[in-house]
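Some notes on the structure that comes next.
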Amino acid sequence: MAFALLLVAAPALRSQGKSPRVDLSLPPTIVAGTSQAGTIISGVLTEGHRQELLHGGWPTAIHGRLELWRKGRFGIFDIESAFEWDVIVEYSPASKVYHLRRVVDNRAEEMGEVTTIDAAEQLLRAPYAPPLSPERRGERYFYLFNAEVSTLSLTDLEAWQRWIRGEAQPAVRGQKNPVSALQRGLGSLLSRVLGGDSQSYETRSGVFSVG
């Protein structure tokens, strides 16, 4: 899907140029049942001690959640639908390669392998459009996007590696945790992180009408 990069409601979370942030991109015209928002995640792999932990063999887990809110009775917005996914970023000291995978509905999708942290950030910045479209013409909506970034603990790292090798089957559904999509896939509490090293970033779009 081609995006018109109309960035909406996406303030920088820090003053530095490479500070972590989340953005949304919307097409100029929103059409019921077809238009989708692009989610963009930037600068999270080099925030704080994240890069050092990544180079030490501790993968970074990014849990994304996109919500679609619709204006209802009395002018009050209510959540209409939501979509969740995860991205796992691993680094191999032996090959000096960063490996990125997206996990959706217990399926891992390859995002690519690169040899620099900047290239890994570039892969992560590529807009991802969850299948979340407003369905009601003439109604008013907005999107809310949250990304929670954490470092996997030893237990979670082992569970992730077993799942990737096909030694663990999807289990435990419907629970809410910072990286809940992977938790559903692995049946493991992936919210446990090293030293509480977890950050959350959020942005929302402006209110728009659906044609």
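If you're wondering about the labels, chains in the structure tokens are A, B, ... by order shown, residues count from 1 in each chain, ligands from 1 in order shown.
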- Message: Using only C-alpha atoms, which protein or nucleic acid residues come within 8 Å of range 133-150 of chain A? Drop anything in the same chain fewer than 4 positions from it, and give the result as a VMD selection string.
- Response: chain A and resid 22 to 24 31 to 37 39 41 44 60 to 71 77 178 to 179 191 193 197 to 211
Any chance you can output those residues with N, CA and C atoms as a compact mmCIF listing (two decimals), in the first residue's frame?
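Below you can see result22.txt, which holds the result:
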# COMPACT_ATOMS: atom_id res chain seq x y z
N VAL A 22 7.03 7.74 18.03
CA VAL A 22 6.10 6.97 17.20
C VAL A 22 5.27 7.97 16.40
N ASP A 23 4.99 7.62 15.16
CA ASP A 23 4.23 8.48 14.26
C ASP A 23 3.13 7.68 13.58
N LEU A 24 2.19 8.42 13.02
CA LEU A 24 1.14 7.85 12.18
C LEU A 24 1.15 8.54 10.83
N VAL A 31 -11.24 6.41 3.14
CA VAL A 31 -12.37 5.73 2.52
C VAL A 31 -12.77 4.54 3.38
N ALA A 32 -14.06 4.43 3.66
CA ALA A 32 -14.56 3.36 4.52
C ALA A 32 -14.19 1.99 3.97
N GLY A 33 -13.68 1.15 4.86
CA GLY A 33 -13.41 -0.24 4.51
C GLY A 33 -12.11 -0.49 3.78
N THR A 34 -11.40 0.56 3.37
CA THR A 34 -10.17 0.35 2.61
C THR A 34 -8.96 1.11 3.15
N SER A 35 -9.16 2.32 3.64
CA SER A 35 -8.03 3.14 4.08
C SER A 35 -7.47 2.64 5.40
N GLN A 36 -6.15 2.67 5.50
CA GLN A 36 -5.46 2.22 6.70
C GLN A 36 -4.41 3.24 7.12
N ALA A 37 -4.09 3.23 8.40
CA ALA A 37 -3.04 4.11 8.91
C ALA A 37 -1.71 3.38 8.88
N THR A 39 1.87 2.94 10.68
CA THR A 39 2.52 3.18 11.97
C THR A 39 4.03 3.22 11.75
N ILE A 41 7.88 3.66 13.81
CA ILE A 41 8.61 3.63 15.08
C ILE A 41 10.05 4.05 14.79
N VAL A 44 14.28 3.85 18.66
CA VAL A 44 14.17 3.12 19.92
C VAL A 44 15.35 2.19 20.19
N THR A 60 15.74 -6.90 21.64
CA THR A 60 14.76 -5.85 21.93
C THR A 60 13.40 -6.30 21.43
N ALA A 61 12.38 -6.17 22.28
CA ALA A 61 11.01 -6.52 21.92
C ALA A 61 10.19 -5.24 21.85
N ILE A 62 9.46 -5.06 20.78
CA ILE A 62 8.60 -3.88 20.60
C ILE A 62 7.17 -4.37 20.39
N HIS A 63 6.31 -3.99 21.31
CA HIS A 63 4.90 -4.38 21.20
C HIS A 63 4.09 -3.19 20.72
N GLY A 64 3.45 -3.34 19.56
CA GLY A 64 2.64 -2.27 19.00
C GLY A 64 1.16 -2.54 19.18
N ARG A 65 0.41 -1.48 19.46
CA ARG A 65 -1.05 -1.57 19.56
C ARG A 65 -1.65 -0.34 18.88
N LEU A 66 -2.47 -0.59 17.87
CA LEU A 66 -3.17 0.49 17.17
C LEU A 66 -4.65 0.36 17.48
N GLU A 67 -5.24 1.46 17.92
CA GLU A 67 -6.67 1.49 18.25
C GLU A 67 -7.39 2.46 17.33
N LEU A 68 -8.64 2.13 17.00
CA LEU A 68 -9.49 2.98 16.18
C LEU A 68 -10.68 3.41 17.04
N TRP A 69 -10.81 4.73 17.24
CA TRP A 69 -11.86 5.28 18.08
C TRP A 69 -12.89 6.00 17.21
N ARG A 70 -14.19 5.80 17.52
CA ARG A 70 -15.27 6.41 16.75
C ARG A 70 -16.15 7.27 17.65
N LYS A 71 -16.55 8.42 17.10
CA LYS A 71 -17.43 9.32 17.84
C LYS A 71 -18.83 8.76 17.89
N PHE A 77 -16.16 9.68 22.25
CA PHE A 77 -15.44 8.70 21.44
C PHE A 77 -15.29 7.39 22.21
N PRO A 178 2.78 -6.16 28.24
CA PRO A 178 3.46 -5.23 27.34
C PRO A 178 3.82 -5.79 25.98
N VAL A 179 4.10 -7.08 25.90
CA VAL A 179 4.32 -7.69 24.58
C VAL A 179 3.37 -8.87 24.46
N SER A 191 6.79 -9.70 29.64
CA SER A 191 6.86 -8.37 30.24
C SER A 191 8.02 -8.26 31.22
N VAL A 193 11.63 -7.78 32.17
CA VAL A 193 12.72 -7.16 31.44
C VAL A 193 13.91 -6.96 32.35
N ASP A 197 14.00 -2.17 32.22
CA ASP A 197 14.36 -1.39 31.04
C ASP A 197 13.24 -1.44 30.01
N SER A 198 12.19 -0.67 30.27
CA SER A 198 11.02 -0.68 29.39
C SER A 198 10.49 0.74 29.26
N GLN A 199 10.17 1.14 28.03
CA GLN A 199 9.60 2.46 27.79
C GLN A 199 8.37 2.35 26.89
N SER A 200 7.47 3.29 27.05
CA SER A 200 6.25 3.30 26.25
C SER A 200 6.15 4.64 25.53
N TYR A 201 5.76 4.60 24.25
CA TYR A 201 5.63 5.79 23.42
C TYR A 201 4.25 5.78 22.78
N GLU A 202 3.62 6.94 22.69
CA GLU A 202 2.24 7.00 22.21
C GLU A 202 1.99 8.27 21.40
N THR A 203 1.13 8.15 20.41
CA THR A 203 0.66 9.31 19.65
C THR A 203 -0.73 9.00 19.13
N ARG A 204 -1.44 10.04 18.72
CA ARG A 204 -2.77 9.85 18.14
C ARG A 204 -2.91 10.78 16.95
N SER A 205 -3.80 10.39 16.06
CA SER A 205 -4.09 11.23 14.90
C SER A 205 -5.09 12.31 15.29
N GLY A 206 -5.27 13.25 14.39
CA GLY A 206 -6.37 14.17 14.55
C GLY A 206 -7.69 13.47 14.21
N VAL A 207 -8.78 14.09 14.54
CA VAL A 207 -10.10 13.53 14.20
C VAL A 207 -10.34 13.72 12.70
N PHE A 208 -10.84 12.66 12.05
CA PHE A 208 -11.10 12.74 10.60
C PHE A 208 -12.48 12.15 10.29
N SER A 209 -13.01 12.56 9.16
CA SER A 209 -14.29 12.04 8.67
C SER A 209 -14.04 10.99 7.61
N VAL A 210 -14.93 10.02 7.51
CA VAL A 210 -14.78 8.90 6.57
C VAL A 210 -15.72 9.07 5.39
N GLY A 211 -15.15 8.94 4.20
CA GLY A 211 -15.96 9.08 2.99
C GLY A 211 -16.37 7.75 2.40
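The shortest atom-to-atom distance to Trp163 in chain A, with only C-alpha atoms taken into account, belongs to A:Arg107 out of A:Arg107, A:His49, A:Arg73, A:His99.
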- Message: Quick check for you: according to DSSP on this backbone, which residues of range 3-187 of chain A are classed as strand (DSSP E or B)? Reply as a PyMOL selection string.
- Response: chain A and resi 6-7+21-26+38-42+60-71+77-92+97-104+107-114+128+140-152
Those residues with C-alpha atoms, as a CSV table (one decimal), in the first residue's frame please?
chain,number,residue,atom,x,y,z
A,6,LEU,CA,0.8,13.0,6.0
A,7,LEU,CA,2.2,12.8,9.5
A,21,ARG,CA,9.2,8.5,18.7
A,22,VAL,CA,6.1,7.0,17.2
A,23,ASP,CA,4.2,8.5,14.3
A,24,LEU,CA,1.1,7.8,12.2
A,25,SER,CA,0.7,8.4,8.4
A,26,LEU,CA,-2.7,8.7,6.9
A,38,GLY,CA,0.7,3.5,8.6
A,39,THR,CA,2.5,3.2,12.0
A,40,ILE,CA,6.1,4.3,12.2
A,41,ILE,CA,8.6,3.6,15.1
A,42,SER,CA,11.9,5.6,15.2
A,60,THR,CA,14.8,-5.9,21.9
A,61,ALA,CA,11.0,-6.5,21.9
A,62,ILE,CA,8.6,-3.9,20.6
A,63,HIS,CA,4.9,-4.4,21.2
A,64,GLY,CA,2.6,-2.3,19.0
A,65,ARG,CA,-1.0,-1.6,19.6
A,66,LEU,CA,-3.2,0.5,17.2
A,67,GLU,CA,-6.7,1.5,18.3
A,68,LEU,CA,-9.5,3.0,16.2
A,69,TRP,CA,-11.9,5.3,18.1
A,70,ARG,CA,-15.3,6.4,16.7
A,71,LYS,CA,-17.4,9.3,17.8
A,77,PHE,CA,-15.4,8.7,21.4
A,78,ASP,CA,-15.4,5.0,22.1
A,79,ILE,CA,-12.8,2.4,21.0
A,80,GLU,CA,-14.2,0.5,18.0
A,81,SER,CA,-11.4,-2.0,17.2
A,82,ALA,CA,-7.7,-2.6,17.9
A,83,PHE,CA,-4.8,-4.6,16.4
A,84,GLU,CA,-1.6,-5.8,18.2
A,85,TRP,CA,1.7,-7.1,16.9
A,86,ASP,CA,5.3,-7.4,18.0
A,87,VAL,CA,8.8,-6.8,16.5
A,88,ILE,CA,11.8,-8.7,17.8
A,89,VAL,CA,15.3,-7.2,17.0
A,90,GLU,CA,18.2,-9.6,17.6
A,91,TYR,CA,22.0,-9.0,17.1
A,92,SER,CA,24.5,-11.8,16.4
A,97,VAL,CA,24.1,-8.9,11.9
A,98,TYR,CA,20.9,-7.4,13.1
A,99,HIS,CA,17.8,-9.6,12.5
A,100,LEU,CA,14.3,-8.2,12.6
A,101,ARG,CA,11.1,-10.2,12.7
A,102,ARG,CA,7.5,-9.1,13.1
A,103,VAL,CA,5.1,-11.5,14.9
A,104,VAL,CA,1.4,-11.3,14.0
A,107,ARG,CA,3.4,-16.1,12.9
A,108,ALA,CA,6.9,-14.6,12.5
A,109,GLU,CA,7.4,-12.5,9.4
A,110,GLU,CA,10.9,-11.7,8.2
A,111,MET,CA,11.7,-8.0,8.1
A,112,GLY,CA,15.3,-8.3,7.1
A,113,GLU,CA,19.0,-8.7,8.2
A,114,VAL,CA,21.4,-5.7,8.2
A,128,TYR,CA,3.6,-0.8,8.8
A,140,ARG,CA,-15.7,10.7,12.8
A,141,TYR,CA,-12.7,8.7,14.0
A,142,PHE,CA,-9.2,9.0,15.3
A,143,TYR,CA,-6.3,6.5,15.6
A,144,LEU,CA,-4.3,5.9,18.8
A,145,PHE,CA,-0.9,4.2,18.5
A,146,ASN,CA,1.2,2.9,21.4
A,147,ALA,CA,4.6,1.1,21.2
A,148,GLU,CA,6.1,-0.5,24.3
A,149,VAL,CA,9.8,-1.2,24.0
A,150,SER,CA,11.6,-3.7,26.3
A,151,THR,CA,14.6,-6.0,26.6
A,152,LEU,CA,13.9,-9.7,26.9
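Using only C-alpha atoms for every distance, the candidate list A:Leu123, A:Leu53, A:Trp58, A:Leu45 yields A:Trp58 as the residue closest to Glu158 in chain A.
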- Item | Residue set, range 1-148 of chain A restricted to alpha helix (DSSP H), as a ChimeraX atom specification | /A:50-55,117-125
- Note on the structure: One decimal place gives the CA of Lys96 in chain A-CA of Glu121 in chain A separation as 15.2 Å
